[in-house]
$ cat model20.cif   # mmCIF, C-alpha atoms
data_query
loop_
_atom_site.label_atom_id
_atom_site.label_comp_id
_atom_site.auth_asym_id
_atom_site.auth_seq_id
_atom_site.Cartn_x
_atom_site.Cartn_y
_atom_site.Cartn_z
CA MET A 4 -16.04 -19.19 -5.51
CA ALA A 5 -15.89 -22.50 -3.67
CA GLU A 6 -16.03 -22.72 0.10
CA SER A 7 -15.09 -25.85 2.04
CA SER A 8 -17.88 -27.20 4.20
CA GLU A 9 -15.34 -28.42 6.85
CA ASN A 10 -13.81 -25.02 7.26
CA PRO A 11 -16.28 -22.46 5.98
CA SER A 12 -15.05 -19.01 5.24
CA PRO A 13 -16.33 -16.20 7.43
CA PHE A 14 -16.26 -13.90 4.42
CA SER A 15 -18.95 -13.60 1.85
CA ARG A 16 -18.02 -13.29 -1.80
CA ASP A 17 -20.14 -10.16 -2.03
CA ALA A 18 -18.32 -8.47 0.85
CA LEU A 19 -14.91 -9.28 -0.59
CA CYS A 20 -15.92 -8.25 -4.08
CA GLU A 21 -17.38 -4.97 -2.90
CA ALA A 22 -14.34 -4.20 -0.73
CA LEU A 23 -11.93 -4.96 -3.55
CA ARG A 24 -13.88 -2.83 -5.97
CA ASP A 25 -14.18 0.10 -3.54
CA THR A 26 -10.52 -0.07 -2.64
CA LEU A 27 -9.27 -0.28 -6.20
CA GLU A 28 -11.56 2.54 -7.30
CA GLY A 29 -10.33 4.60 -4.34
CA VAL A 30 -6.68 4.02 -5.24
CA PHE A 31 -7.29 5.01 -8.85
CA ALA A 32 -9.35 8.08 -8.00
CA THR A 33 -7.11 9.35 -5.22
CA MET A 34 -3.60 8.44 -6.26
CA LEU A 35 -3.93 8.29 -10.02
CA ALA A 36 -6.66 10.86 -10.66
CA LYS A 37 -7.99 8.33 -13.11
CA PRO A 38 -11.40 6.67 -13.25
CA VAL A 39 -11.40 2.91 -13.60
CA CYS A 40 -14.03 0.65 -15.11
CA LEU A 41 -13.85 -2.73 -13.40
CA SER A 42 -15.41 -5.92 -14.70
CA THR A 43 -16.11 -8.92 -12.55
CA VAL A 44 -14.47 -12.10 -13.81
CA ALA A 45 -16.55 -15.24 -13.50
CA ASP A 46 -15.49 -17.74 -10.83
CA GLY A 47 -12.75 -20.11 -11.86
CA THR A 48 -12.15 -18.47 -15.20
CA PRO A 49 -8.65 -19.38 -16.39
CA SER A 50 -6.55 -16.29 -16.95
CA THR A 51 -3.30 -16.00 -18.87
CA VAL A 52 -0.45 -14.14 -17.21
CA HIS A 53 1.61 -13.02 -20.17
CA ALA A 54 5.40 -13.04 -20.23
CA GLY A 55 6.68 -9.67 -19.08
CA SER A 56 3.66 -9.03 -16.84
CA ILE A 57 4.21 -7.67 -13.37
CA VAL A 58 2.74 -9.81 -10.60
CA ALA A 59 2.51 -8.26 -7.13
CA ASN A 60 1.40 -10.48 -4.25
CA VAL A 61 0.58 -9.30 -0.75
CA ALA A 62 -0.11 -11.91 1.94
CA LEU A 63 -2.81 -11.59 4.58
CA ARG A 64 -2.39 -13.82 7.60
CA GLY A 65 -4.77 -14.40 10.46
CA GLU A 66 -7.25 -17.10 11.27
CA GLN A 67 -6.77 -18.07 7.64
CA GLU A 68 -4.26 -17.14 4.97
CA GLY A 69 -4.85 -15.32 1.77
CA THR A 70 -3.05 -13.47 -0.97
CA VAL A 71 -4.07 -10.43 -2.95
CA SER A 72 -2.57 -10.60 -6.42
CA LEU A 73 -2.33 -7.65 -8.75
CA VAL A 74 -1.43 -8.76 -12.27
CA CYS A 75 -0.57 -6.14 -14.87
CA HIS A 76 0.18 -6.81 -18.48
CA PRO A 77 3.42 -5.05 -19.46
CA GLY A 78 1.76 -1.97 -20.94
CA ALA A 79 -0.73 -1.65 -18.06
CA ALA A 80 2.11 -1.87 -15.54
CA ARG A 81 3.96 1.02 -17.17
CA THR A 82 0.78 3.08 -17.55
CA LEU A 83 -0.08 2.58 -13.89
CA ALA A 84 3.47 3.29 -12.67
CA ALA A 85 3.73 6.42 -14.82
CA SER A 86 0.41 7.71 -13.47
CA LEU A 87 1.46 7.12 -9.88
CA LEU A 88 4.81 8.81 -10.38
CA MET A 89 3.36 11.49 -12.67
CA ALA A 90 5.94 10.61 -15.29
CA ASP A 91 5.26 12.19 -18.69
CA GLU A 92 6.51 9.20 -20.62
CA PRO A 93 6.02 5.62 -19.29
CA SER A 94 8.99 4.34 -21.32
CA THR A 95 11.38 6.48 -19.24
CA LEU A 96 10.70 4.44 -16.10
CA ASP A 97 13.14 1.68 -15.30
CA GLU A 98 12.05 -1.81 -14.31
CA ALA A 99 12.70 -1.26 -10.59
CA GLU A 100 10.44 1.80 -10.57
CA VAL A 101 7.64 -0.10 -12.30
CA LEU A 102 7.94 -3.07 -9.91
CA ASP A 103 7.93 -0.81 -6.87
CA ALA A 104 4.92 1.18 -8.09
CA ILE A 105 2.85 -1.93 -8.80
CA GLY A 106 3.85 -3.37 -5.43
CA GLU A 107 2.64 -0.23 -3.71
CA CYS A 108 -0.69 -0.42 -5.55
CA ALA A 109 -1.12 -4.03 -4.42
CA ASN A 110 -0.21 -2.96 -0.90
CA MET A 111 -2.92 -0.29 -0.86
CA VAL A 112 -5.51 -2.72 -2.24
CA ALA A 113 -4.61 -5.42 0.32
CA GLY A 114 -4.58 -2.86 3.13
CA GLY A 115 -8.00 -1.62 2.12
CA LEU A 116 -9.37 -5.15 2.01
CA LYS A 117 -7.93 -5.87 5.44
CA THR A 118 -9.43 -2.71 6.92
CA ARG A 119 -12.86 -3.13 5.36
CA VAL A 120 -13.47 -6.84 5.67
CA LEU A 121 -10.89 -8.65 7.82
CA ASP A 122 -10.08 -6.39 10.77
CA PRO A 123 -13.63 -6.45 12.15
CA LEU A 124 -13.36 -10.26 12.29
CA GLY A 125 -10.09 -10.64 14.20
CA THR A 126 -6.36 -10.03 14.14
CA TRP A 127 -4.70 -10.05 10.75
CA ALA A 128 -1.19 -9.26 9.57
CA LEU A 129 -0.41 -7.68 6.24
CA GLY A 130 2.73 -8.85 4.44
CA THR A 131 5.03 -6.65 2.39
CA PRO A 132 4.57 -6.73 -1.41
CA ASP A 133 6.36 -9.45 -3.33
CA CYS A 134 6.76 -8.27 -6.93
CA THR A 135 8.04 -10.32 -9.82
CA LEU A 136 8.38 -10.03 -13.53
CA GLN A 137 6.60 -12.97 -15.15
CA GLY A 138 8.97 -15.15 -17.17
CA ALA A 139 7.12 -17.58 -19.43
CA ALA A 140 3.39 -17.13 -19.88
CA ASP A 141 1.28 -19.04 -17.39
CA VAL A 142 -2.39 -19.79 -16.84
CA VAL A 143 -3.88 -19.28 -13.38
CA GLN A 144 -7.33 -20.08 -12.08
CA HIS A 145 -7.64 -17.16 -9.71
CA GLY A 146 -6.49 -14.83 -12.44
CA GLY A 147 -8.86 -12.05 -11.69
CA MET A 148 -11.88 -11.40 -9.69
CA LEU A 149 -11.88 -7.91 -11.12
CA SER A 150 -10.19 -6.64 -14.22
CA CYS A 151 -9.97 -3.44 -16.19
CA ASP A 152 -8.58 -2.14 -19.42
CA LEU A 153 -5.80 0.43 -19.11
CA ASP A 154 -5.17 1.99 -22.48
CA GLY A 155 -5.57 -1.37 -24.18
CA ASP A 156 -3.73 -3.47 -21.60
CA ILE A 157 -5.28 -5.53 -18.86
CA LEU A 158 -4.91 -5.13 -15.12
CA SER A 159 -6.52 -7.71 -12.87
CA VAL A 160 -6.90 -8.25 -9.16
CA GLY A 161 -7.36 -11.71 -7.76
CA LEU A 162 -7.57 -13.37 -4.40
CA THR A 163 -6.60 -16.79 -3.18
CA TRP A 164 -7.60 -18.02 0.23
CA SER A 165 -5.87 -21.20 1.31
CA ALA A 166 -7.11 -22.43 4.69
CA SER A 167 -10.77 -22.17 3.84
CA LYS A 168 -10.31 -23.34 0.26
CA LEU A 169 -11.95 -20.07 -0.68
CA THR A 170 -11.00 -19.43 -4.25
CA LEU A 171 -11.94 -16.31 -6.07
CA MET B 27 10.35 25.79 7.82
CA LYS B 28 11.29 22.35 9.05
CA LYS B 29 13.48 19.50 7.94
CA MET B 30 11.38 16.36 7.47
CA LEU B 31 12.20 12.64 7.33
CA ILE B 32 10.05 10.31 5.23
CA VAL B 33 10.33 6.60 6.08
CA ASP B 34 8.75 4.13 3.66
CA ASP B 35 10.08 0.97 2.02
CA SER B 36 8.58 2.02 -1.31
CA ALA B 37 10.59 4.59 -3.27
CA THR B 38 7.42 5.24 -5.26
CA MET B 39 5.49 6.14 -2.13
CA ARG B 40 8.30 8.40 -0.88
CA LYS B 41 8.15 10.29 -4.18
CA ILE B 42 4.36 10.54 -3.99
CA ILE B 43 4.50 11.84 -0.41
CA MET B 44 7.04 14.49 -1.42
CA ARG B 45 4.84 15.55 -4.31
CA VAL B 46 1.74 15.72 -2.10
CA LEU B 47 3.61 17.76 0.52
CA ARG B 48 4.36 20.31 -2.20
CA GLN B 49 0.75 20.24 -3.44
CA ALA B 50 -0.50 20.72 0.12
CA GLU B 51 1.93 23.64 0.49
CA ILE B 52 3.43 22.22 3.66
CA PRO B 53 6.35 24.47 4.64
CA VAL B 54 9.30 22.09 4.60
CA SER B 55 12.89 23.23 4.12
CA ASP B 56 14.45 19.88 3.34
CA ILE B 57 13.25 16.27 2.99
CA LEU B 58 15.35 13.23 3.90
CA GLU B 59 14.41 9.63 3.06
CA ALA B 60 14.80 6.21 4.67
CA GLY B 61 13.64 2.76 3.51
CA ASN B 62 12.73 1.27 6.90
CA GLY B 63 12.68 2.03 10.60
CA LYS B 64 16.28 1.02 11.17
CA GLU B 65 17.51 3.40 8.48
CA GLY B 66 15.16 6.03 9.84
CA LEU B 67 16.72 5.81 13.30
CA GLN B 68 20.18 6.14 11.78
CA ARG B 69 19.05 9.28 9.93
CA LEU B 70 17.58 10.77 13.11
CA VAL B 71 20.76 10.16 15.08
CA ALA B 72 22.94 11.57 12.32
CA ASP B 73 20.85 14.70 11.80
CA PRO B 74 19.56 16.43 14.93
CA ASP B 75 17.85 19.10 12.80
CA ILE B 76 15.13 16.70 11.64
CA ALA B 77 12.01 18.27 13.12
CA MET B 78 9.28 15.98 11.85
CA VAL B 79 8.84 12.37 10.72
CA LEU B 80 6.30 10.79 8.35
CA SER B 81 6.53 7.01 8.58
CA ASP B 82 4.92 4.00 6.98
CA ILE B 83 3.97 1.15 9.34
CA ASN B 84 4.29 -2.03 7.30
CA MET B 85 8.01 -2.25 6.45
CA PRO B 86 10.72 -4.93 6.49
CA GLU B 87 13.71 -4.85 8.90
CA MET B 88 12.00 -2.56 11.42
CA ASN B 89 8.32 -1.69 11.09
CA GLY B 90 6.87 1.73 11.77
CA ILE B 91 5.48 0.90 15.22
CA ASP B 92 8.85 -0.40 16.47
CA PHE B 93 10.51 2.64 14.88
CA LEU B 94 8.08 4.92 16.69
CA LYS B 95 8.68 3.16 20.02
CA ALA B 96 12.44 3.42 19.52
CA ILE B 97 12.10 7.17 18.86
CA ARG B 98 10.11 7.66 22.05
CA THR B 99 12.75 5.89 24.17
CA ARG B 100 15.25 8.60 23.19
CA ARG B 101 15.17 11.42 25.70
CA ASP B 102 15.86 14.06 23.02
CA LYS B 103 13.05 12.81 20.73
CA THR B 104 10.09 12.46 23.07
CA SER B 105 8.36 15.48 21.55
CA LEU B 106 9.45 14.98 17.94
CA PRO B 107 6.27 15.03 15.84
CA VAL B 108 5.73 11.66 14.14
CA VAL B 109 2.82 11.04 11.77
CA MET B 110 2.13 7.53 10.51
CA ILE B 111 1.11 6.94 6.89
CA THR B 112 -0.38 3.51 6.44
CA THR B 113 -2.50 1.29 4.22
CA GLU B 114 -3.99 -0.21 7.38
CA GLY B 115 -6.84 2.00 8.48
CA GLY B 116 -8.35 -0.35 11.05
CA GLU B 117 -9.17 0.99 14.51
CA ALA B 118 -6.82 -1.42 16.28
CA MET B 119 -3.77 -0.45 14.21
CA LEU B 120 -4.47 3.25 14.50
CA GLN B 121 -4.95 2.92 18.26
CA THR B 122 -1.66 1.00 18.50
CA ALA B 123 0.07 3.82 16.64
CA MET B 124 -1.39 6.51 18.87
CA ASP B 125 -0.65 4.49 22.04
CA SER B 126 2.95 4.12 20.84
CA GLY B 127 3.36 7.87 20.63
CA ALA B 128 2.24 8.92 17.16
CA ASN B 129 1.02 12.48 16.77
CA GLY B 130 -1.33 11.58 13.94
CA TYR B 131 -1.93 9.27 11.04
CA VAL B 132 -2.92 9.29 7.38
CA THR B 133 -4.34 6.29 5.57
CA LYS B 134 -3.30 5.40 2.01
CA PRO B 135 -4.60 6.27 -0.50
CA PHE B 136 -4.45 9.91 0.60
CA THR B 137 -5.10 13.37 -0.76
CA PRO B 138 -3.20 16.63 -0.20
CA ASP B 139 -6.05 17.65 2.11
CA SER B 140 -5.69 14.57 4.31
CA ILE B 141 -1.93 15.19 4.60
CA ARG B 142 -2.50 18.87 5.37
CA SER B 143 -5.08 17.99 8.00
CA ALA B 144 -2.82 15.44 9.72
CA LEU B 145 0.10 17.88 9.83
CA GLU B 146 -1.96 20.83 10.96
CA GLY B 147 -0.43 22.31 14.08
CA LEU B 148 2.71 20.20 13.75
CA VAL B 149 4.51 22.26 11.12
CA GLY B 150 5.06 25.97 11.17
#

$ encode --input "model20.cif" --output "structure tokens"
Amino acid sequence: MAESSENPSPFSRDALCEALRDTLEGVFATMLAKPVCLSTVADGTPSTVHAGSIVANVALRGEQEGTVSLVCHPGAARTLAASLLMADEPSTLDEAEVLDAIGECANMVAGGLKTRVLDPLGTWALGTPDCTLQGAADVVQHGGMLSCDLDGDILSVGLTWSASKLTL
Amino acid sequence: MKKMLIVDDSATMRKIIMRVLRQAEIPVSDILEAGNGKEGLQRLVADPDIAMVLSDINMPEMNGIDFLKAIRTRRDKTSLPVVMITTEGGEAMLQTAMDSGANGYVTKPFTPDSIRSALEGLVG
């Protein structure tokens, strides 16, 4: 993580990391009845977003601006959506259902982060989820602060923080 | 048994809430859905038998707080039970919801127990 000296971030990497981990584990345990084993991704590690992945972004706006990004490889997206919806067979879900389910997961993660870390520091607004299906494969720097393996497919959660040049 | 309205912009979350209501054995006769506060108000006006509302807060078009305020301005809905279901569990947001006339709130992610607890005394 890099923090600008002109505009230092009021958040510590440890606090953000812990809040993200707690929130994601809470979402998995409560809504999916599924344990999750999260790995921390080293700072600045390039991450490939494969074609067909679902990318859900939720903006956080306040004194600074940030985005929580949930990136699911195609199989992980279907596994996660099927668990949330308690669908017996992931392949029966249509694309809109998968997009909506991943968006809702990102929303819960961003909301948890806001509650745990940001709200005590000031007034913040949570955006609505913006979900897209990745076209061509792309490489991103903030590709995942945390990632996990879902039945052989990868799910990752990343953060970008613009005003403070805080990059996770 | 009551007719309930669920307002949330996520179809996934509306399905989950319906499932959890069943798991929590909440006595509901019928469940109607709306995708935002504006649609929710239209549903309430069209169906006077709706006896309880569960609403998200963070929604496009009309958010849950504005929806709640609009409900409370209607003379016939001042005592309609409204419970907010939100990802935002901060004190300020929850206080805003209660000050705007909410009867309770549940934070996402939630369990059947947390839903049952929030609706206790509001459904019969």

$ interface_residues --input "model20.cif" --of "chain A" --to "chain B" --cutoff "6 Å" --atoms "only C-alpha atoms" --output "NGL selection string"
:A and (30 or 104 or 111 or 114 or 118)

$ resolve_selection --input "model20.cif" --expression "the PyMOL selection byres ((chain A and resi 77) around 6)" --output "compact mmCIF listing (two decimals) with C-alpha atoms, in the coordinates of the input"
# COMPACT_ATOMS: atom_id res chain seq x y z
CA GLY A 55 6.68 -9.67 -19.08
CA SER A 56 3.66 -9.03 -16.84
CA HIS A 76 0.18 -6.81 -18.48
CA GLY A 78 1.76 -1.97 -20.94
CA ALA A 79 -0.73 -1.65 -18.06
CA ALA A 80 2.11 -1.87 -15.54

$ residues_around --input "model20.cif" --residues "Pro107 (chain B)" --least-positions-apart "4" --cutoff "8 Å" --atoms "all atoms listed in the file" --output "ChimeraX atom specification"
/B:77-79,128-129,148

$ resolve_selection --input "model20.cif" --expression "the PyMOL selection byres ((chain B and resi 149) around 8)" --output "ChimeraX atom specification"
/B:27-28,52-53,78,145-148,150

$ write_last_selection --input "model20.cif" --atoms "C-alpha atoms" --output "PDB file, keeping the file's coordinate frame"
ATOM      1  CA  MET B  27      10.350  25.790   7.820  1.00  0.00           C
ATOM      2  CA  LYS B  28      11.290  22.350   9.050  1.00  0.00           C
ATOM      3  CA  ILE B  52       3.430  22.220   3.660  1.00  0.00           C
ATOM      4  CA  PRO B  53       6.350  24.470   4.640  1.00  0.00           C
ATOM      5  CA  MET B  78       9.280  15.980  11.850  1.00  0.00           C
ATOM      6  CA  LEU B 145       0.100  17.880   9.830  1.00  0.00           C
ATOM      7  CA  GLU B 146      -1.960  20.830  10.960  1.00  0.00           C
ATOM      8  CA  GLY B 147      -0.430  22.310  14.080  1.00  0.00           C
ATOM      9  CA  LEU B 148       2.710  20.200  13.750  1.00  0.00           C
ATOM     10  CA  GLY B 150       5.060  25.970  11.170  1.00  0.00           C
TER      11      GLY B 150
END

$ closest_residue --input "model20.cif" --among "A:Gly115, A:Gly161, A:Gly29, A:Pro38" --to "Leu129 (chain A)" --atoms "only C-alpha atoms"
A:Gly115

$ atom_distance --input "model20.cif" --atom1 "CA of Leu63 (chain A)" --atom2 "CA of Asp25 (chain A)"
18.2 Å

$ atom_distance --input "model20.cif" --atom1 "CA of Leu73 (chain A)" --atom2 "CA of Lys117 (chain A)"
15.4 Å

$ resolve_selection --input "model20.cif" --expression "the PyMOL selection byres ((chain B and resi 67) around 12)" --output "ChimeraX atom specification"
/B:31-33,59-66,68-74,76,79,81,87-90,92-100,103

$ atom_distance --input "model20.cif" --atom1 "CA of Ile105 (chain A)" --atom2 "CA of Val143 (chain A)"
19.2 Å

$ closest_residue --input "model20.cif" --among "A:Ser86, A:Cys151, A:Cys75, A:Pro93" --to "Val52 (chain A)" --atoms "all atoms listed in the file"
A:Cys75
